[in-house]
2 protein chains.
Amino acid sequence: MIGARVRGLREEKGISLSALARLAGVGKATLSGLENGVRNPTLETLYAITAQLGVPLTAVLAEPAATPTVHGAAVHATLLEVFTDTDATYELYRMRVRPGTGQLSPAHQPGVTEHVTVFSGVLRAGPADAPSTAPAGGYLRWVSDVPHSYAAVGDEEVDASLLLRYPRR
Amino acid sequence: MIGARVRGLREEKGISLSALARLAGVGKATLSGLENGVRNPTLETLYAITAQLGVPLTAVLAEPAATPTVHGAAVHATLLEVFTDTDATYELYRMRVRPGTGQLSPAHQPGVTEHVTVFSGVLRAGPADAPSTAPAGGYLRWVSDVPHSYAAVGDEEVDASLLLRYPRR
DNA sequence: AACCATCGTTCCGTAAACGGAACGGCTTAC
DNA sequence: GTAAGCCGTTCCGTTTACGGAACGATGGTT
């Protein structure tokens with residue numbers, strides 16, 4: 001299970017077991033046993049290996065439900081960070097919008113605003129009765145205390161960052 | 001270091017070393033050695049312990065330098081995510097700008113653009129010879145193939161997200 | 001075909017992580 | 001006062017993860 005992830009990462013890098021063991025300064029027997037789940041590695045060993053793979057230890061320990069995600073008909077969003085300051089709370093999401101269907105979201109509390117920066121694709125989003133369009137690199141922003149919509153324009157998936165701002169009530 | 005985090009979590013729960021060792025089914029010598037950093041635990045051992053503490057393994061592994069950060073005279077930025085699509089690579093940063101001094105950054109490659117959404121404070125940033133100003137909730141964007149500057153306006157720290165877009169060359 | 005390099009696994013002696021027991025220190029009970 | 005209980009550390013014999021070497025398998029070269 002963790003062995004499989006190590007093996008996956010190693011093969012993704014196109015590097016042999018022998019070579020990785022040499023780079024990491026561990027025995028081939030150690031790495032082989034680890035990848036096959038026969039051994040129960042120490043942290044030191046695992047760290048030496050993940051370091052050479054260029055990933056943090058956590059990448060191979062990957063707790064499944066680590067970061068909350070929001071799914072919808074067309075939108076998939078992953079919460080990257082929550083930030084609170086004196087007069088508002090912010091949630092920063094990584095957002096993907098599938099082409100084809102759009103998605104309508106209900107109104108938030110009064111004063112909540114959304115800020116979207118489009119990475120790729122073309123996004124049409126905003127208040128349901130007056131959405132705007134933004135291409136890759138574009139920026140949209142609206143007050144989301146009314147129902148609002150998201151849709152990918154064309155047949156390309158849209159990647160974007162979404163910032164939700166909740167004013168302190 | 002990881003021992004300190006385990007000890008911290010255990011004391012936070014108000015549970016004794018002996019009791020935690022008993023619950024986790026590991027020897028007291030093992031837990032004692034782990035907390036004091038004289039042993040190099042196996043994953044199995046560490047997992048048994050963190051499970052009883054009610055935290056994921058990752059909580060005690062917290063890589064200090066897991067996510068690269070960029071320090072400067074006034075700017076502190078943490079890389080949240082890197083995203084590559086067919087014609088550009090994006091880096092999304094969480095950025096903080098200290099009040100007082102500003103900071104000048106050298107030019108990037110041609111075509112690189114920066115997109116900033118301000119969370120709190122007032123930011124003055126952009127090409128060194130023509131910066132713009134944005135309050136909380138505001139958005140700035142410029143082509144950063146010339147030297148550019150960042151500065152907090154007033155005496156409040158600026159919190160923002162910074163998106164760097166590197167076109168495929 | 002014979003050779004050579006490298007692959008991943010297996011064998012083996014050593015080093016160290018393991019659990020249990022013994023220890024000294026401290027508090028509470030009788 | 002001393003016995004009992006729990007604390008965290010240290011001692012010790014057992015178990016096992018460790019690295020190095022040997023192994024058979026595979027692919028490329030002469």
# chains A, B, ... in the order shown; residues from 1 in each chain; ligands from 1

call {"tool": "interface_residues", "arguments": {"of": "chain D", "to": "chain B", "cutoff": "10 Å", "atoms": "only C-alpha atoms (C1' of nucleotides)", "output": "ChimeraX atom specification"}}
result
/D:6-10,17

call {"tool": "select_by_dssp", "arguments": {"residues": "stretch 85-115 of chain A", "states": "strand (DSSP E or B)", "output": "list in words"}}
result
Asp85, Ala88, Thr89, Tyr90, Glu91, Leu92, Tyr93, Arg94, Met95, Arg96, Val97, Gln103, Leu104, Ser105, Thr113, Glu114 and His115 of chain A

call {"tool": "closest_atom_pairs", "arguments": {"of": "chain C", "to": "chain B", "cutoff": "8 Å", "atoms": "only C-alpha atoms (C1' of nucleotides)", "output": "CSV"}}
result
residue,atom,partner,partner_atom,distance
C:DA17,C1',B:Pro41,CA,6.9
C:DC18,C1',B:Thr30,CA,7.0
C:DG19,C1',B:Gly27,CA,4.9
C:DG20,C1',B:Gly27,CA,7.7

call {"tool": "select_by_dssp", "arguments": {"residues": "stretch 3-167 of chain B", "states": "alpha helix (DSSP H)", "output": "number ranges by chain"}}
result
B: 3-12, 17-24, 28-35, 43-53, 58-61

call {"tool": "residues_around", "arguments": {"residues": "C:DC11", "least_positions_apart": "6", "cutoff": "10 Å", "atoms": "only C-alpha atoms (C1' of nucleotides)", "output": "ChimeraX atom specification"}}
result
/D:21-23

call {"tool": "residues_around", "arguments": {"residues": "B:Leu46", "least_positions_apart": "5", "cutoff": "9 Å", "atoms": "only C-alpha atoms (C1' of nucleotides)", "output": "list in words"}}
result
Leu43 of chain A; Leu34, Pro41, Ala51 and Leu57 of chain B
